[in-house]
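Report on the structure given below.
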Amino acid sequence: MISLQHVDARAGNFRLADITFEVPQGSYGVVIGPAGAGKTTLLETIAGVVRSTSGRILLGGEDLTHAPPEARRLGIVYQHAYLFPHLNVRQNVEYGAANKAAADDVMQRFGVDALATRSVTDLSGGERQLVAIARALARRPEVLLLDEPFSALDPRTRTIARRLLRTVYYERRFTVLQVTHDFAEAGLLGDVAIMLDRGRIVQQGDPEEVFRRPASPYIADFLGAENVFAGVAKPIGHEPPDWVEGGEDELNQHAVAFTTGALTFYALGDVVPGPTHAVIRAEEVSLSAETSMSSVQNQFRGTIVEIVPAGALSRVTVDASGTPIVAAVTARSVRELGLANGAEVVAGFKATAVHLC
Amino acid sequence: MASRAALSVVVAILSSLFLLFVVVPVVGLVSSGGARGIAALASDAELRASLLLTVVTATIATVLGVLGATPVAYLLARRAFPGRAILAALMDLPLVIPHPVAGIALLLVLGRASPIGGALYAAGLRVASSPTGIVCAMLFVSAPLYVSAAREAFARVDARYEAVARTLGDDAWRAFRRVTLPLSARGLTAAAVVMWARAVSEFGAIVILTYNPKVVSVLSYDRFTSYGLSEALPVAAVLVLFAIVPLAALRALRAGAPASR
């Protein structure tokens with residue numbers, strides 16, 4: 001378990017302020033944030049490499065705020081592997097290993113046993129990173145801190161490295177905190193997401209929740225939300241309208257009319273009337289040839305202005321009365337609906353897909 | 001184009017003149033006195049003793065400098081603390097004051113008339129006019145060069161190597177010994193060589209603190225003032241030839257590859 005309570009830390013002119021979060025025992029936490037947000041400083045503060053100036057750091061339930069790094073029973077893997085260049089691969093992995101068997105085991109698992117006598121300066125980027133992960137795991141840490149360990153790897157090596165790490169993680173169930181700027185990776189890996197910006201936590205929680213309900217337009221934009229609209233929200237009465245579906249949580253929320261440009265969206269939320277932002281994931285927007293009678297409360301006719309293929313999905317931008325709405329649709333739908341630039345379509349999304357922040 | 005070509009010619013002439021200015025006196029000295037100097041090593045007992053004294057005192061000064069100044073260089077390279085800038089300036093001070101002035105300052109502190117020098121003399125340790133004085137003078141003027149170069153050597157080793165070593169179970173001292181020291185060894189050795197070479201060539205501070213026994217630099221001066229250029233030449237040439245050894249060692253050390261992440 002990693003628990004930080006109101007931690008402040010300073011590294012040069014950079015300051016982490018009032019950092020509070022918890023990654024439960026055996027969970028996988030991800031720290032997301034732009035460059036310069038303080039992600040690496042956060043890991044180094046947990047590791048004890050950067051000293052906290054206030055607050056408490058608990059690892060495995062034990063208060064280790066003032067403990068030196070060697071007493072914290074953790075491992076750290078940086079983006080640049082920082083393999084000791086005067087030692088060969090085996091010597092690196094054995095450097096802090098719990099015992100020789102532990103070193104042999106991780107070397108074998110990560111496929112670096114064949115490189116044992118090689119100088120680390122002769123390794124490829126992928127090999128270096130695998131050795132760095134093996135070195136950290138050979139110590140059998142209770143907490144593993146990963147600072148963008150896969151970001152410099154080619155896609156194939158990244159997939160392999162992730163899979164190998166996940167296998168060991170599921171077996172040993174240590175606690176992981178990984179820094180990433182790739183939200184897809186965060187969603188793929190994490191149980192807990194911590195969004196950091198300029199030394200402060202701006203949002204934390206379940207990665208899916210952070211992804212779907214960003215706390216600010218800035219976070220939405222950083223997380224790659226295609227539809228972020230500035231506008232004015234206005235609650236519609238105190239009773240939920242008859243189109244509100246779903247569970248108790250949704251029924252207890254107010255219906256809101258959100259106006260942006262010439263469009264008015266319907267949404268659910270407890271917002272103060274006035275200027276705010278609406279975020280809609282492109283995956284929540286559907287396209288159809290005609291307006292439907294379904295439960296989709298928000299439907300806007302417009303003209304397709306751009307279609308950008310992106311892997312299995314295409315990003316289709318629809319100009320609806322001057323407001324661009326982006327939808328993510330499958331290549332099959334593009335074909336079946338005959339979507340093309342200049343074609344008229346209806347972009348639709350449910351009120352529950354509109355997140356006001 | 002023509003002005004650029006003219007500029008190139010001017011730069012080439014200036015560079016050539018500079019190289020000649022540095023090289024010609026040294027080559028002239030060695031060609032004039034080198035053979036006699038080497039021959040004198042066999043026949044001139046005072047020169048041999050002087051050379052031995054120079055080597056021994058410079059080596060002792062270097063060892064003391066490495067032991068005392070390495071932690072200071074490490075602190076300056078790695079840690080932020082109040083007064084760091086003042087400490088760094090103090091370390092550079094001996095580099096900017098004239099060396100005879102450094103000798104006078106040392107004499108004031110370590111001479112028999114001073115409280116410290118008097119106490120040391122009473123304890124049986126004579127500093128001025130002794131090999132100990134030579135070591136002190138060499139240490140004072142050459143250690144700042146070691147601190148500066150060692151600080152650079154430590155700064156070139158990314159602190160995150162130490163951070164990783166700490167998370168792998170090393171305490172601060174062990175991480176320094178197992179990681180930082182091996183990675184900076186080449187630079188530290190080069191720093192020690194520079195210090196040793198500077199100690200060997202020191203004259204100004206030594207001549208104030210300890211004229212006798214004579215190190216080679218003082219002996220060459222003594223022969224020049226007592227017997228003229230002819231007698232000083234072989235001693236001076238031997239000193240120059242001797243200086244080539246640490247220079248060659250330094251070049252070999254600097255030819256090594258830098259550390260890799």
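Residue names in the structure tokens use chain letters A, B, ... in the order shown, residue numbers from 1 in each chain, and ligand numbers from 1 in the order shown.
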* To do: Run DSSP on the backbone and grab whatever in stretch 115-165 of chain B lands in alpha helix (DSSP H); send it over as number ranges by chain.
  => B: 115-122, 131-155, 159-165
* To do: Once DSSP has gone over the backbone, tell me which residues of stretch 268-305 of chain A are in strand (DSSP E), as a VMD selection string.
  => chain A and resid 268 to 269 274 to 280 286 to 288 298 to 305
Residues from the last selection, N, CA and C atoms, saved as an mmCIF file, in the first residue's frame:
data_model
loop_
_atom_site.group_PDB
_atom_site.id
_atom_site.type_symbol
_atom_site.label_atom_id
_atom_site.label_comp_id
_atom_site.auth_asym_id
_atom_site.auth_seq_id
_atom_site.Cartn_x
_atom_site.Cartn_y
_atom_site.Cartn_z
ATOM 1 N N LEU A 268 -27.156 15.629 -17.323
ATOM 2 C CA LEU A 268 -27.559 15.407 -15.935
ATOM 3 C C LEU A 268 -26.432 15.908 -15.043
ATOM 4 N N GLY A 269 -26.777 16.555 -13.959
ATOM 5 C CA GLY A 269 -25.706 16.991 -13.064
ATOM 6 C C GLY A 269 -26.216 17.960 -12.027
ATOM 7 N N GLY A 274 -24.787 28.821 -14.854
ATOM 8 C CA GLY A 274 -23.769 29.771 -15.318
ATOM 9 C C GLY A 274 -22.774 29.125 -16.261
ATOM 10 N N PRO A 275 -21.683 29.839 -16.537
ATOM 11 C CA PRO A 275 -20.700 29.330 -17.489
ATOM 12 C C PRO A 275 -20.037 28.043 -16.985
ATOM 13 N N THR A 276 -19.891 27.088 -17.854
ATOM 14 C CA THR A 276 -19.222 25.831 -17.501
ATOM 15 C C THR A 276 -18.752 25.152 -18.803
ATOM 16 N N HIS A 277 -18.271 23.940 -18.663
ATOM 17 C CA HIS A 277 -17.822 23.196 -19.849
ATOM 18 C C HIS A 277 -18.538 21.853 -19.919
ATOM 19 N N ALA A 278 -18.738 21.385 -21.115
ATOM 20 C CA ALA A 278 -19.309 20.051 -21.325
ATOM 21 C C ALA A 278 -18.292 19.199 -22.077
ATOM 22 N N VAL A 279 -18.110 17.974 -21.597
ATOM 23 C CA VAL A 279 -17.164 17.048 -22.226
ATOM 24 C C VAL A 279 -17.938 15.823 -22.702
ATOM 25 N N ILE A 280 -17.735 15.456 -23.944
ATOM 26 C CA ILE A 280 -18.393 14.247 -24.487
ATOM 27 C C ILE A 280 -17.314 13.446 -25.205
ATOM 28 N N SER A 286 -22.905 8.875 -31.625
ATOM 29 C CA SER A 286 -23.265 7.977 -32.734
ATOM 30 C C SER A 286 -23.681 8.815 -33.944
ATOM 31 N N LEU A 287 -23.546 8.218 -35.119
ATOM 32 C CA LEU A 287 -23.968 8.902 -36.346
ATOM 33 C C LEU A 287 -25.066 8.091 -37.023
ATOM 34 N N SER A 288 -26.045 8.780 -37.543
ATOM 35 C CA SER A 288 -27.107 8.079 -38.277
ATOM 36 C C SER A 288 -27.571 8.981 -39.429
ATOM 37 N N ASN A 298 -29.949 13.974 -27.267
ATOM 38 C CA ASN A 298 -29.266 15.025 -28.013
ATOM 39 C C ASN A 298 -29.012 14.568 -29.442
ATOM 40 N N GLN A 299 -29.689 15.142 -30.386
ATOM 41 C CA GLN A 299 -29.500 14.775 -31.790
ATOM 42 C C GLN A 299 -29.404 16.059 -32.617
ATOM 43 N N PHE A 300 -28.329 16.159 -33.408
ATOM 44 C CA PHE A 300 -28.094 17.394 -34.165
ATOM 45 C C PHE A 300 -27.720 17.051 -35.602
ATOM 46 N N ARG A 301 -28.456 17.656 -36.503
ATOM 47 C CA ARG A 301 -28.152 17.431 -37.914
ATOM 48 C C ARG A 301 -26.980 18.322 -38.317
ATOM 49 N N GLY A 302 -26.074 17.779 -39.119
ATOM 50 C CA GLY A 302 -24.935 18.583 -39.555
ATOM 51 C C GLY A 302 -24.274 17.990 -40.786
ATOM 52 N N THR A 303 -23.157 18.601 -41.156
ATOM 53 C CA THR A 303 -22.433 18.183 -42.358
ATOM 54 C C THR A 303 -21.057 17.665 -41.963
ATOM 55 N N ILE A 304 -20.674 16.543 -42.560
ATOM 56 C CA ILE A 304 -19.353 15.989 -42.266
ATOM 57 C C ILE A 304 -18.288 16.884 -42.905
ATOM 58 N N VAL A 305 -17.329 17.336 -42.062
ATOM 59 C CA VAL A 305 -16.269 18.205 -42.593
ATOM 60 C C VAL A 305 -14.919 17.486 -42.617
#
Would you mind listing, for every residue of chain B within 10 Å of chain A, the two atoms forming the shortest contact and the distance between them in Å to one decimal, using only C-alpha atoms, sorted by chain and ascending residue number, as JSON lines?
{"residue": "B:Ala80", "atom": "CA", "partner": "A:Gly12", "partner_atom": "CA", "distance": 8.9}
{"residue": "B:Asp158", "atom": "CA", "partner": "A:Tyr82", "partner_atom": "CA", "distance": 8.7}
{"residue": "B:Ala159", "atom": "CA", "partner": "A:Val49", "partner_atom": "CA", "distance": 9.8}
{"residue": "B:Arg160", "atom": "CA", "partner": "A:Tyr82", "partner_atom": "CA", "distance": 7.1}
{"residue": "B:Tyr161", "atom": "CA", "partner": "A:Tyr82", "partner_atom": "CA", "distance": 5.9}
{"residue": "B:Glu162", "atom": "CA", "partner": "A:Val49", "partner_atom": "CA", "distance": 9.2}
{"residue": "B:Ala163", "atom": "CA", "partner": "A:Val49", "partner_atom": "CA", "distance": 6.0}
{"residue": "B:Val164", "atom": "CA", "partner": "A:Ile76", "partner_atom": "CA", "distance": 6.7}
{"residue": "B:Ala165", "atom": "CA", "partner": "A:Gly96", "partner_atom": "CA", "distance": 7.7}
{"residue": "B:Arg166", "atom": "CA", "partner": "A:Glu70", "partner_atom": "CA", "distance": 5.1}
{"residue": "B:Thr167", "atom": "CA", "partner": "A:Glu70", "partner_atom": "CA", "distance": 5.0}
{"residue": "B:Leu168", "atom": "CA", "partner": "A:Gly96", "partner_atom": "CA", "distance": 4.6}
{"residue": "B:Gly169", "atom": "CA", "partner": "A:Glu70", "partner_atom": "CA", "distance": 4.3}
{"residue": "B:Asp170", "atom": "CA", "partner": "A:Glu70", "partner_atom": "CA", "distance": 5.9}
{"residue": "B:Asp171", "atom": "CA", "partner": "A:Glu70", "partner_atom": "CA", "distance": 6.3}
{"residue": "B:Ala172", "atom": "CA", "partner": "A:Glu70", "partner_atom": "CA", "distance": 9.0}
{"residue": "B:Arg178", "atom": "CA", "partner": "A:Tyr95", "partner_atom": "CA", "distance": 9.6}
{"residue": "B:Val179", "atom": "CA", "partner": "A:Phe84", "partner_atom": "CA", "distance": 7.2}
{"residue": "B:Thr180", "atom": "CA", "partner": "A:Phe84", "partner_atom": "CA", "distance": 9.7}
{"residue": "B:Pro182", "atom": "CA", "partner": "A:His86", "partner_atom": "CA", "distance": 7.2}
{"residue": "B:Leu183", "atom": "CA", "partner": "A:His86", "partner_atom": "CA", "distance": 7.0}
{"residue": "B:Pro258", "atom": "CA", "partner": "A:Pro85", "partner_atom": "CA", "distance": 9.7}
{"residue": "B:Ala259", "atom": "CA", "partner": "A:Pro85", "partner_atom": "CA", "distance": 6.3}
{"residue": "B:Ser260", "atom": "CA", "partner": "A:Pro85", "partner_atom": "CA", "distance": 6.0}
{"residue": "B:Arg261", "atom": "CA", "partner": "A:Tyr82", "partner_atom": "CA", "distance": 4.9}
* **Surrounding residues of A:Thr330 excluding itself and chain neighbours under 5 positions, 12 Å, only C-alpha atoms, as number ranges by chain** => A: 282-283, 285-287, 307-316, 335-337, 339
Just write the chosen residues, N, CA and C atoms, as an mmCIF file, in the first residue's frame.
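Output saved as out18.cif:
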data_model
loop_
_atom_site.group_PDB
_atom_site.id
_atom_site.type_symbol
_atom_site.label_atom_id
_atom_site.label_comp_id
_atom_site.auth_asym_id
_atom_site.auth_seq_id
_atom_site.Cartn_x
_atom_site.Cartn_y
_atom_site.Cartn_z
ATOM 1 N N ALA A 282 -15.713 11.028 -27.831
ATOM 2 C CA ALA A 282 -16.102 10.770 -29.223
ATOM 3 C C ALA A 282 -16.764 9.394 -29.354
ATOM 4 N N GLU A 283 -16.356 8.452 -28.479
ATOM 5 C CA GLU A 283 -16.924 7.099 -28.533
ATOM 6 C C GLU A 283 -18.399 7.083 -28.146
ATOM 7 N N VAL A 285 -20.550 9.350 -29.118
ATOM 8 C CA VAL A 285 -21.346 10.022 -30.161
ATOM 9 C C VAL A 285 -21.619 9.027 -31.292
ATOM 10 N N SER A 286 -22.905 8.875 -31.625
ATOM 11 C CA SER A 286 -23.265 7.977 -32.734
ATOM 12 C C SER A 286 -23.681 8.815 -33.944
ATOM 13 N N LEU A 287 -23.546 8.218 -35.119
ATOM 14 C CA LEU A 287 -23.968 8.902 -36.346
ATOM 15 C C LEU A 287 -25.066 8.091 -37.023
ATOM 16 N N ILE A 307 -12.990 13.326 -42.067
ATOM 17 C CA ILE A 307 -12.962 11.927 -41.628
ATOM 18 C C ILE A 307 -11.488 11.526 -41.516
ATOM 19 N N VAL A 308 -11.068 11.193 -40.303
ATOM 20 C CA VAL A 308 -9.660 10.821 -40.078
ATOM 21 C C VAL A 308 -9.603 9.367 -39.613
ATOM 22 N N PRO A 309 -9.131 8.450 -40.462
ATOM 23 C CA PRO A 309 -9.003 7.056 -40.022
ATOM 24 C C PRO A 309 -7.925 6.946 -38.940
ATOM 25 N N ALA A 310 -8.224 6.246 -37.857
ATOM 26 C CA ALA A 310 -7.247 6.057 -36.770
ATOM 27 C C ALA A 310 -7.396 4.630 -36.268
ATOM 28 N N GLY A 311 -6.662 3.724 -36.895
ATOM 29 C CA GLY A 311 -6.751 2.307 -36.511
ATOM 30 C C GLY A 311 -8.120 1.752 -36.876
ATOM 31 N N ALA A 312 -8.726 1.046 -35.906
ATOM 32 C CA ALA A 312 -10.015 0.401 -36.163
ATOM 33 C C ALA A 312 -11.145 1.427 -36.228
ATOM 34 N N LEU A 313 -10.936 2.587 -35.644
ATOM 35 C CA LEU A 313 -11.973 3.619 -35.607
ATOM 36 C C LEU A 313 -11.589 4.793 -36.500
ATOM 37 N N SER A 314 -12.625 5.487 -36.955
ATOM 38 C CA SER A 314 -12.379 6.727 -37.689
ATOM 39 C C SER A 314 -12.959 7.877 -36.880
ATOM 40 N N ARG A 315 -12.252 9.001 -36.872
ATOM 41 C CA ARG A 315 -12.749 10.200 -36.197
ATOM 42 C C ARG A 315 -13.494 11.037 -37.247
ATOM 43 N N VAL A 316 -14.807 11.171 -37.037
ATOM 44 C CA VAL A 316 -15.628 11.906 -38.007
ATOM 45 C C VAL A 316 -16.083 13.216 -37.362
ATOM 46 N N ARG A 335 -18.461 2.782 -43.962
ATOM 47 C CA ARG A 335 -18.846 2.201 -45.262
ATOM 48 C C ARG A 335 -20.361 2.084 -45.366
ATOM 49 N N GLU A 336 -20.992 1.490 -44.325
ATOM 50 C CA GLU A 336 -22.434 1.204 -44.383
ATOM 51 C C GLU A 336 -23.268 2.471 -44.459
ATOM 52 N N LEU A 337 -22.813 3.523 -43.723
ATOM 53 C CA LEU A 337 -23.585 4.774 -43.724
ATOM 54 C C LEU A 337 -23.208 5.672 -44.898
ATOM 55 N N LEU A 339 -20.497 7.398 -45.230
ATOM 56 C CA LEU A 339 -20.013 8.678 -44.715
ATOM 57 C C LEU A 339 -18.909 9.218 -45.602
#
* Asked: Which residue gives the smallest distance to B:Leu93 among B:Val26, B:Val215, B:Ala243, B:Leu145, with only C-alpha atoms counted?
  -> B:Leu145
* Near-B:Tyr74 list (12 Å; only C-alpha atoms; drop same-chain fewer than 4 positions) as JSON, numbers by chain -> {"B": [66, 67, 68, 69, 70, 78, 79, 80, 84, 88, 146, 147, 148, 149, 150, 151, 152, 153, 154, 155, 156, 157, 159, 173, 176, 180, 181, 184, 188]}
So that I have them on file, write out the residues from the current selection with N, CA, C and O atoms, as an mmCIF file, in the first residue's frame.
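selection-v2.cif written:
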data_model
loop_
_atom_site.group_PDB
_atom_site.id
_atom_site.type_symbol
_atom_site.label_atom_id
_atom_site.label_comp_id
_atom_site.auth_asym_id
_atom_site.auth_seq_id
_atom_site.Cartn_x
_atom_site.Cartn_y
_atom_site.Cartn_z
ATOM 1 N N VAL B 66 43.666 14.488 -1.951
ATOM 2 C CA VAL B 66 42.593 13.564 -2.377
ATOM 3 C C VAL B 66 41.744 13.177 -1.169
ATOM 4 O O VAL B 66 40.501 13.180 -1.237
ATOM 5 N N LEU B 67 42.418 12.874 -0.057
ATOM 6 C CA LEU B 67 41.671 12.454 1.142
ATOM 7 C C LEU B 67 40.803 13.581 1.692
ATOM 8 O O LEU B 67 39.652 13.364 2.063
ATOM 9 N N GLY B 68 41.366 14.761 1.732
ATOM 10 C CA GLY B 68 40.639 15.877 2.347
ATOM 11 C C GLY B 68 39.685 16.576 1.407
ATOM 12 O O GLY B 68 38.610 17.026 1.829
ATOM 13 N N ALA B 69 40.063 16.665 0.147
ATOM 14 C CA ALA B 69 39.278 17.497 -0.774
ATOM 15 C C ALA B 69 38.179 16.722 -1.498
ATOM 16 O O ALA B 69 37.230 17.338 -2.005
ATOM 17 N N THR B 70 38.284 15.400 -1.548
ATOM 18 C CA THR B 70 37.248 14.624 -2.268
ATOM 19 C C THR B 70 35.859 14.827 -1.642
ATOM 20 O O THR B 70 34.898 15.097 -2.368
ATOM 21 N N ARG B 78 27.105 17.785 -5.339
ATOM 22 C CA ARG B 78 25.848 17.066 -5.126
ATOM 23 C C ARG B 78 24.831 17.749 -4.223
ATOM 24 O O ARG B 78 23.636 17.539 -4.371
ATOM 25 N N ARG B 79 25.315 18.485 -3.261
ATOM 26 C CA ARG B 79 24.384 18.957 -2.235
ATOM 27 C C ARG B 79 24.164 20.460 -2.321
ATOM 28 O O ARG B 79 25.084 21.210 -2.615
ATOM 29 N N ALA B 80 22.941 20.848 -2.018
ATOM 30 C CA ALA B 80 22.640 22.273 -1.874
ATOM 31 C C ALA B 80 22.600 22.562 -0.380
ATOM 32 O O ALA B 80 21.890 21.878 0.358
ATOM 33 N N ARG B 84 27.134 27.336 0.352
ATOM 34 C CA ARG B 84 27.790 26.550 -0.691
ATOM 35 C C ARG B 84 28.611 27.448 -1.630
ATOM 36 O O ARG B 84 29.753 27.115 -1.973
ATOM 37 N N ALA B 88 32.620 27.368 -2.242
ATOM 38 C CA ALA B 88 33.187 27.214 -3.587
ATOM 39 C C ALA B 88 34.174 28.339 -3.887
ATOM 40 O O ALA B 88 35.257 28.106 -4.443
ATOM 41 N N TYR B 146 42.435 20.279 -7.765
ATOM 42 C CA TYR B 146 41.830 18.955 -7.570
ATOM 43 C C TYR B 146 40.338 19.097 -7.258
ATOM 44 O O TYR B 146 39.503 18.389 -7.837
ATOM 45 N N VAL B 147 40.013 20.025 -6.353
ATOM 46 C CA VAL B 147 38.605 20.212 -5.968
ATOM 47 C C VAL B 147 37.773 20.557 -7.203
ATOM 48 O O VAL B 147 36.704 19.971 -7.423
ATOM 49 N N SER B 148 38.291 21.458 -8.008
ATOM 50 C CA SER B 148 37.545 21.893 -9.187
ATOM 51 C C SER B 148 37.323 20.732 -10.165
ATOM 52 O O SER B 148 36.195 20.506 -10.630
ATOM 53 N N ALA B 149 38.407 19.981 -10.443
ATOM 54 C CA ALA B 149 38.284 18.875 -11.403
ATOM 55 C C ALA B 149 37.466 17.718 -10.827
ATOM 56 O O ALA B 149 36.681 17.081 -11.545
ATOM 57 N N ALA B 150 37.630 17.454 -9.530
ATOM 58 C CA ALA B 150 36.875 16.354 -8.900
ATOM 59 C C ALA B 150 35.386 16.699 -8.852
ATOM 60 O O ALA B 150 34.526 15.836 -9.057
ATOM 61 N N ARG B 151 35.109 17.960 -8.606
ATOM 62 C CA ARG B 151 33.710 18.411 -8.594
ATOM 63 C C ARG B 151 33.075 18.173 -9.963
ATOM 64 O O ARG B 151 31.938 17.693 -10.059
ATOM 65 N N GLU B 152 33.815 18.489 -11.007
ATOM 66 C CA GLU B 152 33.336 18.225 -12.362
ATOM 67 C C GLU B 152 33.122 16.735 -12.583
ATOM 68 O O GLU B 152 32.137 16.314 -13.204
ATOM 69 N N ALA B 153 34.051 15.940 -12.099
ATOM 70 C CA ALA B 153 33.962 14.476 -12.277
ATOM 71 C C ALA B 153 32.712 13.933 -11.594
ATOM 72 O O ALA B 153 31.998 13.093 -12.162
ATOM 73 N N PHE B 154 32.416 14.413 -10.402
ATOM 74 C CA PHE B 154 31.208 13.958 -9.694
ATOM 75 C C PHE B 154 29.946 14.457 -10.412
ATOM 76 O O PHE B 154 28.961 13.730 -10.524
ATOM 77 N N ALA B 155 30.015 15.694 -10.879
ATOM 78 C CA ALA B 155 28.833 16.274 -11.533
ATOM 79 C C ALA B 155 28.489 15.523 -12.816
ATOM 80 O O ALA B 155 27.327 15.483 -13.222
ATOM 81 N N ARG B 156 29.502 14.930 -13.435
ATOM 82 C CA ARG B 156 29.234 14.193 -14.680
ATOM 83 C C ARG B 156 28.522 12.865 -14.430
ATOM 84 O O ARG B 156 27.955 12.280 -15.342
ATOM 85 N N VAL B 157 28.547 12.372 -13.201
ATOM 86 C CA VAL B 157 27.842 11.123 -12.876
ATOM 87 C C VAL B 157 26.429 11.500 -12.433
ATOM 88 O O VAL B 157 26.246 12.175 -11.421
ATOM 89 N N ALA B 159 23.119 11.825 -10.690
ATOM 90 C CA ALA B 159 22.773 11.489 -9.303
ATOM 91 C C ALA B 159 21.761 10.346 -9.234
ATOM 92 O O ALA B 159 21.622 9.703 -8.185
ATOM 93 N N TRP B 173 26.930 5.895 1.927
ATOM 94 C CA TRP B 173 28.358 5.637 1.782
ATOM 95 C C TRP B 173 28.610 4.476 0.815
ATOM 96 O O TRP B 173 29.486 4.531 -0.043
ATOM 97 N N PHE B 176 27.997 5.438 -2.713
ATOM 98 C CA PHE B 176 29.132 6.233 -3.198
ATOM 99 C C PHE B 176 30.284 5.306 -3.594
ATOM 100 O O PHE B 176 30.877 5.446 -4.663
ATOM 101 N N THR B 180 29.199 5.689 -7.412
ATOM 102 C CA THR B 180 29.731 7.009 -7.786
ATOM 103 C C THR B 180 31.240 6.970 -7.965
ATOM 104 O O THR B 180 31.762 7.536 -8.932
ATOM 105 N N LEU B 181 31.911 6.319 -7.039
ATOM 106 C CA LEU B 181 33.376 6.291 -7.098
ATOM 107 C C LEU B 181 33.881 5.586 -8.360
ATOM 108 O O LEU B 181 34.717 6.152 -9.092
ATOM 109 N N SER B 184 33.214 7.800 -11.387
ATOM 110 C CA SER B 184 33.962 9.060 -11.464
ATOM 111 C C SER B 184 35.464 8.833 -11.336
ATOM 112 O O SER B 184 36.234 9.800 -11.325
ATOM 113 N N LEU B 188 38.468 11.523 -11.310
ATOM 114 C CA LEU B 188 39.175 11.795 -10.055
ATOM 115 C C LEU B 188 40.674 11.555 -10.215
ATOM 116 O O LEU B 188 41.495 12.319 -9.696
#
* **Shell of 10 Å around A:Glu127, only C-alpha atoms, local chain residues under 3 positions omitted, as a PyMOL selection string** => chain A and resi 81+89+110-112+115+120+122-124+130-133+153+157+161
* Atom-to-atom span, atom CA of A:Asp113 and atom CA of A:Leu164, Å ->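 That distance, rounded to one decimal, is 14.4 Å.
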* **Straight-line distance linking atom CA of B:Val194 with atom CA of B:Gly103, stated in Å to one decimal** =>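 Result for atom CA of B:Val194 versus atom CA of B:Gly103: 20.4 Å, one decimal.
Reported to one decimal place, the separation of atom CA of B:Leu41 from atom CA of B:Leu139 is 26.7 Å.
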* Asked: Could you name the residues that touch A:Leu177 at 12 Å or less, counting only C-alpha atoms, but leaving out those on the same chain fewer than 4 positions away, as a PyMOL selection string?
  -> chain A and resi 1-3+21-32+39-40+42-44+46-47+59+74-77+142-149+169+186+189-194
